[in-house]
Amino acid sequence: MAERLRTEEMIMNMGPQHPATHGVCRLILTIDGEVINDCVPVIGYLHRAIEKICENRTYAQCIPLLDRFEYVTSMSCNWAFALAAEKLTDLEIPERAEYLRVIMAELNRIASHLLCIGVTAMDLGALTPFLYTFREREFILDLFEMTCGQRLTYNYIWVGGVSKDIPPEFIPKCREFLDIIDEKCDDYEKILTKNPIWLVRNKGIGIIPEKMVHDYAISGPSARASGVNFDIRKHDSYGVYDRFDFDVPVFFGCDCYDRYRARMAEMRQSARIIRQALDQMSDGPVRAKVTMNFKPKPGEVYSRIENSRGEMGIYLVSDGTKKPFRMRARGGSYNHLMAIPEITRGLKIADLVALFASLDIILPEIDR
Amino acid sequence: MTKEELTEYIKDNFSGEPEVIENDQPEPYFIVKAEDVVAFSRFIHDDPKLQMTFMMSLSGVDTGERYEIVYNICSYRLKHRVFFKTILNHEKPEVDTVLDIWPAANWYEREVWELFGITIRNHPNLTRFLLPEDWDEGFPMCKGWVGKDVIPFPERK
């Protein structure tokens, strides 16, 4: 009976304005009933030409542009650019600034993972975890507001240090947050980890085998959920990450469920790093002596850091003037979206939503 | 392997003659001839002692006199990385695709084609994707490009 049913392929647009695409992304799906046979991502709706604009700005003016590159973890984006410029400038970064950078980047990582887990749950139909994760994210954003006055685009990590020191009430407030975050993570796990609906929607969905991780250069928690033990903080250390004791959680399920578990485990490790950083930090200056229109030496550098969605790399060419000759930013989501046509073949449309959310794709990073 | 060992190993075992550039960065730096790019990529990808399977980034650069394509490759298993570039002239910028070696190069190469006008030979899908489909103002990432409605940014004193 079933083989006599004649089915026909249909082309369907998902997006550009679709809530599950986390930005403005259009997916052209070729479907046969519910099953996806082909998927073509169409990007460029948010193209702001950040790379070109940077060529006409001084290095200090580039930092706020990098905030817009990926607004969920702007601290890391600032840091990636500052790191690249510092490698060309031979600056001595004050130790307190290095610790502040670690604290801010890790807090930002927790905030980003909270957003990812909350939004994944919401995309799959559960609204409650979203409200809980945003309650804790709010706490972190308050800490950032206290530090630099901004809640989303911080312009905090500058070339040569950070823009200003933290206020005295920051540390007690931050410790208060660290005291509750482990408990809150347990709460999320109680809601989600063994939830039957969550398991059905996530387990065995969107398999990314290890070979595909290598081929498509998938990085960050998504790679570590496919059994790749690689974390730039550990294996190509930058800043003062080599002074902290932390684990790299690796999972072998390769599916959406393990990507969720990798993020969950990473949040606990980030809290662990912040605790150590707060203990080790001493007083001192937070910015090296560097003028606004400084000129790095000519040369080129590729620097990379571990962002919450994968590797964030900056390729910077300097010709010895006060403006970058060429700046290229690479974000993890770019490669993740590139791999989506291959992963989705044979999946159902509803699973594509779960996959998209679990890879934590964010569009401004792709369009730049 | 350290930077020096890596440089030596690649120089000794690759049949072409990549030019080594000394600098103070943590990774080895090579300049590879445009016709050798695919062979070099295949070598560093497949060699069991290198296993450079992870393409971090591929970027085009226009220096004004010439084009450069920069490849940043790293190994997930062995945790080392390499930096190589190829130099193309302005008259006929053409290079072969490395898509078969690193599928991740797909969109990077499309971007280089779209924003710099460098022809990527054998690439299956060179179509516009970042710029609008009816774009006719040339290649915006090239040096000296001025768009129709670009307002210059005021100089900082």
# chains A, B, ... in the order shown; residues from 1 in each chain; ligands from 1
>>> closest_atom_pairs(of="chain A", to="chain B", cutoff="7 Å", atoms="only C-alpha atoms", output="JSON lines")
{"residue": "A:Val42", "atom": "CA", "partner": "B:Phe129", "partner_atom": "CA", "distance": 6.9}
{"residue": "A:Ile43", "atom": "CA", "partner": "B:Phe129", "partner_atom": "CA", "distance": 6.3}
{"residue": "A:Gly44", "atom": "CA", "partner": "B:Leu130", "partner_atom": "CA", "distance": 4.3}
{"residue": "A:His47", "atom": "CA", "partner": "B:Leu130", "partner_atom": "CA", "distance": 6.6}
{"residue": "A:Lys52", "atom": "CA", "partner": "B:Met141", "partner_atom": "CA", "distance": 6.4}
{"residue": "A:His214", "atom": "CA", "partner": "B:Phe54", "partner_atom": "CA", "distance": 5.4}
{"residue": "A:Asp215", "atom": "CA", "partner": "B:Trp102", "partner_atom": "CA", "distance": 5.5}
{"residue": "A:Tyr216", "atom": "CA", "partner": "B:Ala104", "partner_atom": "CA", "distance": 4.3}
{"residue": "A:Ala217", "atom": "CA", "partner": "B:Phe54", "partner_atom": "CA", "distance": 5.2}
{"residue": "A:Phe230", "atom": "CA", "partner": "B:Tyr76", "partner_atom": "CA", "distance": 6.4}
{"residue": "A:His235", "atom": "CA", "partner": "B:Lys79", "partner_atom": "CA", "distance": 6.6}
{"residue": "A:Arg326", "atom": "CA", "partner": "B:Val61", "partner_atom": "CA", "distance": 6.9}
{"residue": "A:Arg330", "atom": "CA", "partner": "B:Ser57", "partner_atom": "CA", "distance": 6.6}
{"residue": "A:Asn335", "atom": "CA", "partner": "B:Ala104", "partner_atom": "CA", "distance": 6.6}
{"residue": "A:Asp367", "atom": "CA", "partner": "B:Leu130", "partner_atom": "CA", "distance": 7.0}
>>> residues_around(residues="Ala39 of chain B", least_positions_apart="5", cutoff="12 Å", atoms="only C-alpha atoms", output="number ranges by chain")
B: 14-18, 32-34, 44-47, 96-98, 100-101
>>> write_last_selection(atoms="all heavy atoms", output="compact mmCIF listing (two decimals), in the first residue's frame")
# COMPACT_ATOMS: atom_id res chain seq x y z
N PHE B 14 57.73 17.99 1.94
CA PHE B 14 56.87 18.43 0.84
C PHE B 14 57.72 18.60 -0.41
O PHE B 14 58.80 19.20 -0.37
CB PHE B 14 56.17 19.75 1.22
CG PHE B 14 55.31 20.29 0.12
CD1 PHE B 14 54.26 19.56 -0.38
CD2 PHE B 14 55.58 21.54 -0.44
CE1 PHE B 14 53.48 20.05 -1.41
CE2 PHE B 14 54.80 22.03 -1.46
CZ PHE B 14 53.75 21.28 -1.95
N SER B 15 57.21 18.08 -1.54
CA SER B 15 58.04 18.05 -2.74
C SER B 15 58.24 19.43 -3.36
O SER B 15 59.27 19.69 -3.95
CB SER B 15 57.42 17.09 -3.76
OG SER B 15 56.06 17.43 -3.94
N GLY B 16 57.26 20.32 -3.24
CA GLY B 16 57.43 21.66 -3.77
C GLY B 16 58.40 22.46 -2.92
O GLY B 16 59.03 21.92 -2.00
N GLU B 17 58.55 23.73 -3.20
CA GLU B 17 59.48 24.52 -2.41
C GLU B 17 58.76 25.70 -1.76
O GLU B 17 58.76 26.81 -2.30
CB GLU B 17 60.63 25.01 -3.29
CG GLU B 17 61.63 23.90 -3.54
CD GLU B 17 62.73 24.34 -4.48
OE1 GLU B 17 62.67 25.47 -4.99
OE2 GLU B 17 63.64 23.53 -4.69
N PRO B 18 58.15 25.46 -0.62
CA PRO B 18 57.49 26.59 0.05
C PRO B 18 58.53 27.52 0.66
O PRO B 18 59.56 27.08 1.17
CB PRO B 18 56.65 25.92 1.13
CG PRO B 18 57.32 24.63 1.40
CD PRO B 18 58.03 24.23 0.16
N VAL B 32 53.28 29.72 -0.45
CA VAL B 32 53.20 28.60 -1.38
C VAL B 32 52.81 29.15 -2.74
O VAL B 32 51.99 30.06 -2.83
CB VAL B 32 52.15 27.59 -0.88
CG1 VAL B 32 52.05 26.41 -1.81
CG2 VAL B 32 52.50 27.12 0.52
N LYS B 33 53.39 28.58 -3.81
CA LYS B 33 53.03 29.03 -5.16
C LYS B 33 51.59 28.65 -5.45
O LYS B 33 51.11 27.62 -4.99
CB LYS B 33 53.95 28.37 -6.18
CG LYS B 33 55.36 28.93 -6.16
CD LYS B 33 56.10 28.47 -7.41
CE LYS B 33 57.53 28.15 -7.11
NZ LYS B 33 57.82 26.76 -6.79
N ALA B 34 50.91 29.46 -6.27
CA ALA B 34 49.48 29.23 -6.51
C ALA B 34 49.22 27.84 -7.07
O ALA B 34 48.22 27.20 -6.72
CB ALA B 34 48.94 30.29 -7.46
N ILE B 44 49.57 18.46 4.00
CA ILE B 44 49.46 18.73 5.45
C ILE B 44 48.18 18.11 6.02
O ILE B 44 48.10 17.81 7.19
CB ILE B 44 49.55 20.23 5.79
CG1 ILE B 44 48.44 21.03 5.15
CG2 ILE B 44 50.88 20.81 5.45
CD1 ILE B 44 48.39 22.46 5.65
N HIS B 45 47.18 17.89 5.17
CA HIS B 45 45.94 17.28 5.67
C HIS B 45 46.13 15.79 5.89
O HIS B 45 45.67 15.24 6.89
CB HIS B 45 44.81 17.53 4.66
CG HIS B 45 43.50 16.97 5.08
ND1 HIS B 45 43.13 15.67 4.83
CD2 HIS B 45 42.46 17.53 5.75
CE1 HIS B 45 41.91 15.45 5.32
NE2 HIS B 45 41.48 16.56 5.89
N ASP B 46 46.83 15.11 4.98
CA ASP B 46 46.88 13.65 5.04
C ASP B 46 48.07 13.11 5.81
O ASP B 46 48.03 11.98 6.27
CB ASP B 46 46.94 13.09 3.60
CG ASP B 46 45.63 13.28 2.88
OD1 ASP B 46 44.67 13.69 3.54
OD2 ASP B 46 45.57 13.03 1.66
N ASP B 47 49.14 13.87 5.94
CA ASP B 47 50.33 13.35 6.59
C ASP B 47 50.03 12.97 8.04
O ASP B 47 49.48 13.77 8.80
CB ASP B 47 51.44 14.41 6.57
CG ASP B 47 52.77 13.81 6.96
OD1 ASP B 47 53.03 13.71 8.17
OD2 ASP B 47 53.52 13.46 6.05
N ASP B 96 43.17 27.25 -7.39
CA ASP B 96 42.31 26.06 -7.35
C ASP B 96 41.61 25.96 -6.01
O ASP B 96 42.12 26.41 -4.99
CB ASP B 96 43.17 24.80 -7.57
CG ASP B 96 43.54 24.64 -9.02
OD1 ASP B 96 42.65 24.83 -9.85
OD2 ASP B 96 44.72 24.36 -9.31
N THR B 97 40.46 25.33 -6.03
CA THR B 97 39.72 25.19 -4.78
C THR B 97 40.34 24.12 -3.88
O THR B 97 40.93 23.16 -4.37
CB THR B 97 38.26 24.84 -5.08
OG1 THR B 97 37.59 24.65 -3.85
CG2 THR B 97 38.12 23.58 -5.90
N VAL B 98 40.21 24.30 -2.57
CA VAL B 98 40.66 23.26 -1.63
C VAL B 98 39.44 22.61 -0.98
O VAL B 98 39.53 22.01 0.07
CB VAL B 98 41.60 23.84 -0.55
CG1 VAL B 98 42.92 24.22 -1.15
CG2 VAL B 98 40.99 25.01 0.16
N ASP B 100 37.78 19.97 -1.75
CA ASP B 100 37.81 18.51 -1.57
C ASP B 100 38.59 18.13 -0.33
O ASP B 100 38.38 17.07 0.25
CB ASP B 100 38.47 17.84 -2.79
CG ASP B 100 37.88 18.33 -4.09
OD1 ASP B 100 36.72 18.74 -4.04
OD2 ASP B 100 38.57 18.29 -5.11
N ILE B 101 39.52 18.98 0.08
CA ILE B 101 40.36 18.65 1.22
C ILE B 101 39.69 19.10 2.51
O ILE B 101 39.57 18.34 3.45
CB ILE B 101 41.74 19.31 1.05
CG1 ILE B 101 42.36 18.77 -0.23
CG2 ILE B 101 42.63 18.99 2.23
CD1 ILE B 101 43.35 19.69 -0.86
>>> closest_residue(among="A:Tyr45, A:Tyr315, A:Ile166, A:Glu9", to="Leu29 of chain A", atoms="only C-alpha atoms")
A:Glu9
>>> residues_around(residues="Glu137 of chain B", least_positions_apart="3", cutoff="10 Å", atoms="only C-alpha atoms", output="list in words")
Asp134, Pro140, Trp145, Val146, Gly147 and Lys148 of chain B
>>> write_last_selection(atoms="C-alpha atoms", output="CSV table (one decimal), in the first residue's frame")
chain,number,residue,atom,x,y,z
B,134,ASP,CA,21.8,42.6,-8.4
B,140,PRO,CA,34.0,46.0,-2.3
B,145,TRP,CA,37.1,50.7,-3.9
B,146,VAL,CA,34.6,53.5,-3.4
B,147,GLY,CA,30.8,52.8,-3.5
B,148,LYS,CA,28.2,55.0,-5.0
>>> atom_distance(atom1="atom CA of Thr344 of chain A", atom2="atom CA of Asp360 of chain A")
15.4 Å
>>> select_by_dssp(residues="chain B", states="alpha helix (DSSP H)", output="PyMOL selection string")
chain B and resi 3-13+37-46+105-116
>>> closest_residue(among="B:Pro124, B:Pro48, B:Pro28, B:Gly64", to="Val82 of chain B", atoms="only C-alpha atoms")
B:Pro28
>>> select_by_dssp(residues="segment 53-100 of chain B", states="strand (DSSP E or B)", output="ChimeraX atom specification")
/B:54-62,66-74,81-89,94-96
>>> write_last_selection(atoms="N, CA and C atoms", output="PDB file, in the first residue's frame")
ATOM      1  N   PHE B  54      41.594  20.805  10.438  1.00  0.00           N
ATOM      2  CA  PHE B  54      40.657  21.830  10.890  1.00  0.00           C
ATOM      3  C   PHE B  54      41.002  23.163  10.233  1.00  0.00           C
ATOM      4  N   MET B  55      40.137  23.628   9.337  1.00  0.00           N
ATOM      5  CA  MET B  55      40.393  24.914   8.691  1.00  0.00           C
ATOM      6  C   MET B  55      39.833  26.034   9.554  1.00  0.00           C
ATOM      7  N   MET B  56      40.730  26.809  10.139  1.00  0.00           N
ATOM      8  CA  MET B  56      40.266  27.877  11.024  1.00  0.00           C
ATOM      9  C   MET B  56      39.709  29.020  10.213  1.00  0.00           C
ATOM     10  N   SER B  57      40.433  29.382   9.145  1.00  0.00           N
ATOM     11  CA  SER B  57      39.982  30.543   8.408  1.00  0.00           C
ATOM     12  C   SER B  57      40.675  30.598   7.057  1.00  0.00           C
ATOM     13  N   LEU B  58      40.004  31.200   6.109  1.00  0.00           N
ATOM     14  CA  LEU B  58      40.595  31.438   4.794  1.00  0.00           C
ATOM     15  C   LEU B  58      40.220  32.872   4.457  1.00  0.00           C
ATOM     16  N   SER B  59      41.197  33.721   4.224  1.00  0.00           N
ATOM     17  CA  SER B  59      40.829  35.105   3.953  1.00  0.00           C
ATOM     18  C   SER B  59      41.583  35.645   2.761  1.00  0.00           C
ATOM     19  N   GLY B  60      40.953  36.532   2.059  1.00  0.00           N
ATOM     20  CA  GLY B  60      41.599  37.222   0.956  1.00  0.00           C
ATOM     21  C   GLY B  60      42.145  38.540   1.440  1.00  0.00           C
ATOM     22  N   VAL B  61      43.224  38.987   0.835  1.00  0.00           N
ATOM     23  CA  VAL B  61      43.795  40.293   1.155  1.00  0.00           C
ATOM     24  C   VAL B  61      44.148  40.956  -0.169  1.00  0.00           C
ATOM     25  N   ASP B  62      43.832  42.224  -0.300  1.00  0.00           N
ATOM     26  CA  ASP B  62      44.290  42.984  -1.455  1.00  0.00           C
ATOM     27  C   ASP B  62      45.288  44.001  -0.948  1.00  0.00           C
ATOM     28  N   ARG B  66      48.907  43.390  -5.311  1.00  0.00           N
ATOM     29  CA  ARG B  66      48.675  41.963  -5.575  1.00  0.00           C
ATOM     30  C   ARG B  66      47.599  41.453  -4.635  1.00  0.00           C
ATOM     31  N   TYR B  67      47.108  40.266  -4.946  1.00  0.00           N
ATOM     32  CA  TYR B  67      46.157  39.601  -4.058  1.00  0.00           C
ATOM     33  C   TYR B  67      46.880  38.521  -3.270  1.00  0.00           C
ATOM     34  N   GLU B  68      46.382  38.278  -2.072  1.00  0.00           N
ATOM     35  CA  GLU B  68      46.910  37.165  -1.288  1.00  0.00           C
ATOM     36  C   GLU B  68      45.726  36.365  -0.771  1.00  0.00           C
ATOM     37  N   ILE B  69      45.882  35.070  -0.701  1.00  0.00           N
ATOM     38  CA  ILE B  69      44.887  34.250  -0.015  1.00  0.00           C
ATOM     39  C   ILE B  69      45.585  33.579   1.149  1.00  0.00           C
ATOM     40  N   VAL B  70      45.032  33.764   2.344  1.00  0.00           N
ATOM     41  CA  VAL B  70      45.684  33.307   3.558  1.00  0.00           C
ATOM     42  C   VAL B  70      44.902  32.133   4.119  1.00  0.00           C
ATOM     43  N   TYR B  71      45.604  31.042   4.389  1.00  0.00           N
ATOM     44  CA  TYR B  71      44.979  29.848   4.948  1.00  0.00           C
ATOM     45  C   TYR B  71      45.485  29.662   6.378  1.00  0.00           C
ATOM     46  N   ASN B  72      44.581  29.536   7.317  1.00  0.00           N
ATOM     47  CA  ASN B  72      44.967  29.240   8.696  1.00  0.00           C
ATOM     48  C   ASN B  72      44.423  27.858   9.034  1.00  0.00           C
ATOM     49  N   ILE B  73      45.332  26.925   9.233  1.00  0.00           N
ATOM     50  CA  ILE B  73      44.924  25.543   9.432  1.00  0.00           C
ATOM     51  C   ILE B  73      45.456  25.049  10.775  1.00  0.00           C
ATOM     52  N   CYS B  74      44.684  24.196  11.429  1.00  0.00           N
ATOM     53  CA  CYS B  74      45.109  23.680  12.717  1.00  0.00           C
ATOM     54  C   CYS B  74      44.767  22.194  12.791  1.00  0.00           C
ATOM     55  N   ARG B  81      49.349  24.276  14.694  1.00  0.00           N
ATOM     56  CA  ARG B  81      48.713  24.966  13.573  1.00  0.00           C
ATOM     57  C   ARG B  81      49.746  25.495  12.594  1.00  0.00           C
ATOM     58  N   VAL B  82      49.263  25.900  11.423  1.00  0.00           N
ATOM     59  CA  VAL B  82      50.151  26.399  10.380  1.00  0.00           C
ATOM     60  C   VAL B  82      49.454  27.553   9.672  1.00  0.00           C
ATOM     61  N   PHE B  83      50.269  28.407   9.102  1.00  0.00           N
ATOM     62  CA  PHE B  83      49.784  29.617   8.457  1.00  0.00           C
ATOM     63  C   PHE B  83      50.434  29.624   7.084  1.00  0.00           C
ATOM     64  N   PHE B  84      49.657  29.561   6.017  1.00  0.00           N
ATOM     65  CA  PHE B  84      50.316  29.716   4.715  1.00  0.00           C
ATOM     66  C   PHE B  84      49.481  30.577   3.801  1.00  0.00           C
ATOM     67  N   LYS B  85      50.173  31.202   2.877  1.00  0.00           N
ATOM     68  CA  LYS B  85      49.470  32.069   1.950  1.00  0.00           C
ATOM     69  C   LYS B  85      49.989  31.865   0.548  1.00  0.00           C
ATOM     70  N   THR B  86      49.178  32.285  -0.400  1.00  0.00           N
ATOM     71  CA  THR B  86      49.611  32.234  -1.783  1.00  0.00           C
ATOM     72  C   THR B  86      49.400  33.614  -2.376  1.00  0.00           C
ATOM     73  N   ILE B  87      50.273  33.960  -3.320  1.00  0.00           N
ATOM     74  CA  ILE B  87      50.250  35.311  -3.878  1.00  0.00           C
ATOM     75  C   ILE B  87      49.778  35.251  -5.316  1.00  0.00           C
ATOM     76  N   LEU B  88      48.812  36.090  -5.662  1.00  0.00           N
ATOM     77  CA  LEU B  88      48.245  36.100  -7.005  1.00  0.00           C
ATOM     78  C   LEU B  88      48.403  37.494  -7.585  1.00  0.00           C
ATOM     79  N   ASN B  89      48.619  37.562  -8.903  1.00  0.00           N
ATOM     80  CA  ASN B  89      48.779  38.895  -9.484  1.00  0.00           C
ATOM     81  C   ASN B  89      47.420  39.518  -9.801  1.00  0.00           C
ATOM     82  N   GLU B  94      43.769  33.725 -10.062  1.00  0.00           N
ATOM     83  CA  GLU B  94      43.091  32.429 -10.139  1.00  0.00           C
ATOM     84  C   GLU B  94      43.775  31.447  -9.207  1.00  0.00           C
ATOM     85  N   VAL B  95      42.990  30.656  -8.520  1.00  0.00           N
ATOM     86  CA  VAL B  95      43.571  29.637  -7.654  1.00  0.00           C
ATOM     87  C   VAL B  95      42.618  28.447  -7.651  1.00  0.00           C
ATOM     88  N   ASP B  96      43.166  27.249  -7.391  1.00  0.00           N
ATOM     89  CA  ASP B  96      42.314  26.062  -7.354  1.00  0.00           C
ATOM     90  C   ASP B  96      41.607  25.964  -6.013  1.00  0.00           C
TER      91      ASP B  96
END
>>> residues_around(residues="segment 31-41 of chain A", least_positions_apart="2", cutoff="8 Å", atoms="only C-alpha atoms", output="PDB file with C-alpha atoms, in the first residue's frame")
ATOM      1  CA  THR A   7       4.647  11.617  -3.096  1.00  0.00           C
ATOM      2  CA  GLU A   8       5.992  14.807  -4.536  1.00  0.00           C
ATOM      3  CA  GLU A   9       8.780  17.105  -3.389  1.00  0.00           C
ATOM      4  CA  MET A  10       7.859  20.586  -2.306  1.00  0.00           C
ATOM      5  CA  ILE A  11       9.989  23.659  -1.785  1.00  0.00           C
ATOM      6  CA  MET A  12       9.339  25.628   1.369  1.00  0.00           C
ATOM      7  CA  CYS A  25      18.314  33.635   8.102  1.00  0.00           C
ATOM      8  CA  ARG A  26      16.363  32.017   5.311  1.00  0.00           C
ATOM      9  CA  LEU A  27      16.456  28.290   4.754  1.00  0.00           C
ATOM     10  CA  ILE A  28      15.125  26.969   1.465  1.00  0.00           C
ATOM     11  CA  LEU A  29      13.915  23.479   2.278  1.00  0.00           C
ATOM     12  CA  ILE A  43      22.464  34.592   4.414  1.00  0.00           C
ATOM     13  CA  LEU A 337      25.498  26.897   9.332  1.00  0.00           C
ATOM     14  CA  MET A 338      27.665  25.664   6.468  1.00  0.00           C
ATOM     15  CA  ILE A 340      23.580  22.276   8.276  1.00  0.00           C
ATOM     16  CA  PRO A 341      22.629  21.069   4.749  1.00  0.00           C
ATOM     17  CA  THR A 344      19.698  17.859   7.997  1.00  0.00           C
ATOM     18  CA  ARG A 345      19.412  15.407   5.114  1.00  0.00           C
ATOM     19  CA  GLY A 346      16.658  13.015   6.170  1.00  0.00           C
ATOM     20  CA  LEU A 347      15.635  14.911   9.294  1.00  0.00           C
ATOM     21  CA  LYS A 348      12.126  16.153   9.993  1.00  0.00           C
ATOM     22  CA  ILE A 349      11.322  19.869   9.956  1.00  0.00           C
TER      23      ILE A 349
END
>>> atom_distance(atom1="atom CA of Ser222 of chain A", atom2="atom CA of Arg109 of chain A")
14.3 Å
>>> atom_distance(atom1="atom CA of Tyr334 of chain A", atom2="atom CA of Pro129 of chain A")
27.2 Å
>>> residues_around(residues="Ile361 of chain A", least_positions_apart="5", cutoff="9 Å", atoms="only C-alpha atoms", output="ChimeraX atom specification")
/A:21-23,309,332-334,336-337,356,366
>>> write_last_selection(atoms="N, CA, C and O atoms", output="JSON list (two decimals), in the first residue's frame")
[["chain", "number", "residue", "atom", "x", "y", "z"],
["A", 21, "THR", "N", 15.12, 30.82, 13.80],
["A", 21, "THR", "CA", 16.41, 31.00, 13.13],
["A", 21, "THR", "C", 17.31, 32.00, 13.85],
["A", 21, "THR", "O", 18.39, 32.29, 13.37],
["A", 22, "HIS", "N", 16.88, 32.52, 14.99],
["A", 22, "HIS", "CA", 17.74, 33.34, 15.86],
["A", 22, "HIS", "C", 18.44, 34.46, 15.11],
["A", 22, "HIS", "O", 19.64, 34.61, 15.19],
["A", 23, "GLY", "N", 17.70, 35.21, 14.39],
["A", 23, "GLY", "CA", 18.30, 36.26, 13.59],
["A", 23, "GLY", "C", 17.53, 36.30, 12.29],
["A", 23, "GLY", "O", 16.39, 35.88, 12.23],
["A", 309, "ARG", "N", 30.35, 29.96, 21.32],
["A", 309, "ARG", "CA", 29.83, 29.14, 20.23],
["A", 309, "ARG", "C", 30.93, 28.48, 19.42],
["A", 309, "ARG", "O", 30.67, 27.86, 18.43],
["A", 332, "GLY", "N", 32.31, 31.00, 15.03],
["A", 332, "GLY", "CA", 31.96, 29.59, 14.96],
["A", 332, "GLY", "C", 30.70, 29.31, 14.17],
["A", 332, "GLY", "O", 30.63, 28.33, 13.43],
["A", 333, "SER", "N", 29.69, 30.18, 14.29],
["A", 333, "SER", "CA", 28.40, 29.90, 13.65],
["A", 333, "SER", "C", 28.50, 29.77, 12.14],
["A", 333, "SER", "O", 27.71, 29.06, 11.52],
["A", 334, "TYR", "N", 29.47, 30.46, 11.56],
["A", 334, "TYR", "CA", 29.63, 30.43, 10.11],
["A", 334, "TYR", "C", 29.80, 29.00, 9.62],
["A", 334, "TYR", "O", 29.14, 28.55, 8.69],
["A", 336, "HIS", "N", 29.10, 26.31, 11.39],
["A", 336, "HIS", "CA", 27.98, 25.47, 11.81],
["A", 336, "HIS", "C", 26.85, 25.55, 10.79],
["A", 336, "HIS", "O", 26.27, 24.54, 10.41],
["A", 337, "LEU", "N", 26.58, 26.76, 10.31],
["A", 337, "LEU", "CA", 25.50, 26.90, 9.33],
["A", 337, "LEU", "C", 25.89, 26.24, 8.01],
["A", 337, "LEU", "O", 25.05, 25.67, 7.32],
["A", 356, "PHE", "N", 19.10, 23.51, 14.98],
["A", 356, "PHE", "CA", 19.51, 24.91, 14.84],
["A", 356, "PHE", "C", 19.77, 25.52, 16.22],
["A", 356, "PHE", "O", 20.76, 26.21, 16.43],
["A", 366, "ILE", "N", 27.58, 35.50, 11.37],
["A", 366, "ILE", "CA", 27.77, 34.93, 10.04],
["A", 366, "ILE", "C", 27.82, 36.04, 9.00],
["A", 366, "ILE", "O", 28.66, 36.04, 8.11]]
>>> closest_residue(among="A:Ser219, A:Ser76, A:Asn202, A:Thr89", to="Thr153 of chain A", atoms="only C-alpha atoms")
A:Ser76
>>> decode(residues="segment 34-38 of chain B", atoms="all heavy atoms", output="PDB file, in the first residue's frame")
ATOM      1  N   ALA B  34      50.912  29.460  -6.272  1.00  0.00           N
ATOM      2  CA  ALA B  34      49.480  29.227  -6.512  1.00  0.00           C
ATOM      3  C   ALA B  34      49.215  27.841  -7.067  1.00  0.00           C
ATOM      4  O   ALA B  34      48.224  27.202  -6.722  1.00  0.00           O
ATOM      5  CB  ALA B  34      48.941  30.291  -7.459  1.00  0.00           C
ATOM      6  N   GLU B  35      50.133  27.328  -7.912  1.00  0.00           N
ATOM      7  CA  GLU B  35      49.871  26.007  -8.501  1.00  0.00           C
ATOM      8  C   GLU B  35      50.125  24.876  -7.498  1.00  0.00           C
ATOM      9  O   GLU B  35      49.694  23.750  -7.723  1.00  0.00           O
ATOM     10  CB  GLU B  35      50.692  25.808  -9.780  1.00  0.00           C
ATOM     11  CG  GLU B  35      52.194  25.945  -9.623  1.00  0.00           C
ATOM     12  CD  GLU B  35      52.687  27.373  -9.889  1.00  0.00           C
ATOM     13  OE1 GLU B  35      51.880  28.308  -9.714  1.00  0.00           O
ATOM     14  OE2 GLU B  35      53.865  27.530 -10.258  1.00  0.00           O
ATOM     15  N   ASP B  36      50.808  25.182  -6.392  1.00  0.00           N
ATOM     16  CA  ASP B  36      51.107  24.149  -5.396  1.00  0.00           C
ATOM     17  C   ASP B  36      50.087  24.073  -4.270  1.00  0.00           C
ATOM     18  O   ASP B  36      50.191  23.199  -3.413  1.00  0.00           O
ATOM     19  CB  ASP B  36      52.484  24.425  -4.758  1.00  0.00           C
ATOM     20  CG  ASP B  36      53.618  23.997  -5.664  1.00  0.00           C
ATOM     21  OD1 ASP B  36      53.315  23.302  -6.641  1.00  0.00           O
ATOM     22  OD2 ASP B  36      54.767  24.371  -5.385  1.00  0.00           O
ATOM     23  N   VAL B  37      49.126  25.000  -4.260  1.00  0.00           N
ATOM     24  CA  VAL B  37      48.247  25.103  -3.094  1.00  0.00           C
ATOM     25  C   VAL B  37      47.543  23.784  -2.792  1.00  0.00           C
ATOM     26  O   VAL B  37      47.517  23.316  -1.650  1.00  0.00           O
ATOM     27  CB  VAL B  37      47.221  26.243  -3.287  1.00  0.00           C
ATOM     28  CG1 VAL B  37      46.105  26.141  -2.284  1.00  0.00           C
ATOM     29  CG2 VAL B  37      47.910  27.574  -3.133  1.00  0.00           C
ATOM     30  N   VAL B  38      46.994  23.155  -3.839  1.00  0.00           N
ATOM     31  CA  VAL B  38      46.234  21.927  -3.598  1.00  0.00           C
ATOM     32  C   VAL B  38      47.153  20.814  -3.099  1.00  0.00           C
ATOM     33  O   VAL B  38      46.823  20.108  -2.143  1.00  0.00           O
ATOM     34  CB  VAL B  38      45.467  21.518  -4.871  1.00  0.00           C
ATOM     35  CG1 VAL B  38      44.816  20.175  -4.690  1.00  0.00           C
ATOM     36  CG2 VAL B  38      44.422  22.564  -5.197  1.00  0.00           C
TER      37      VAL B  38
END
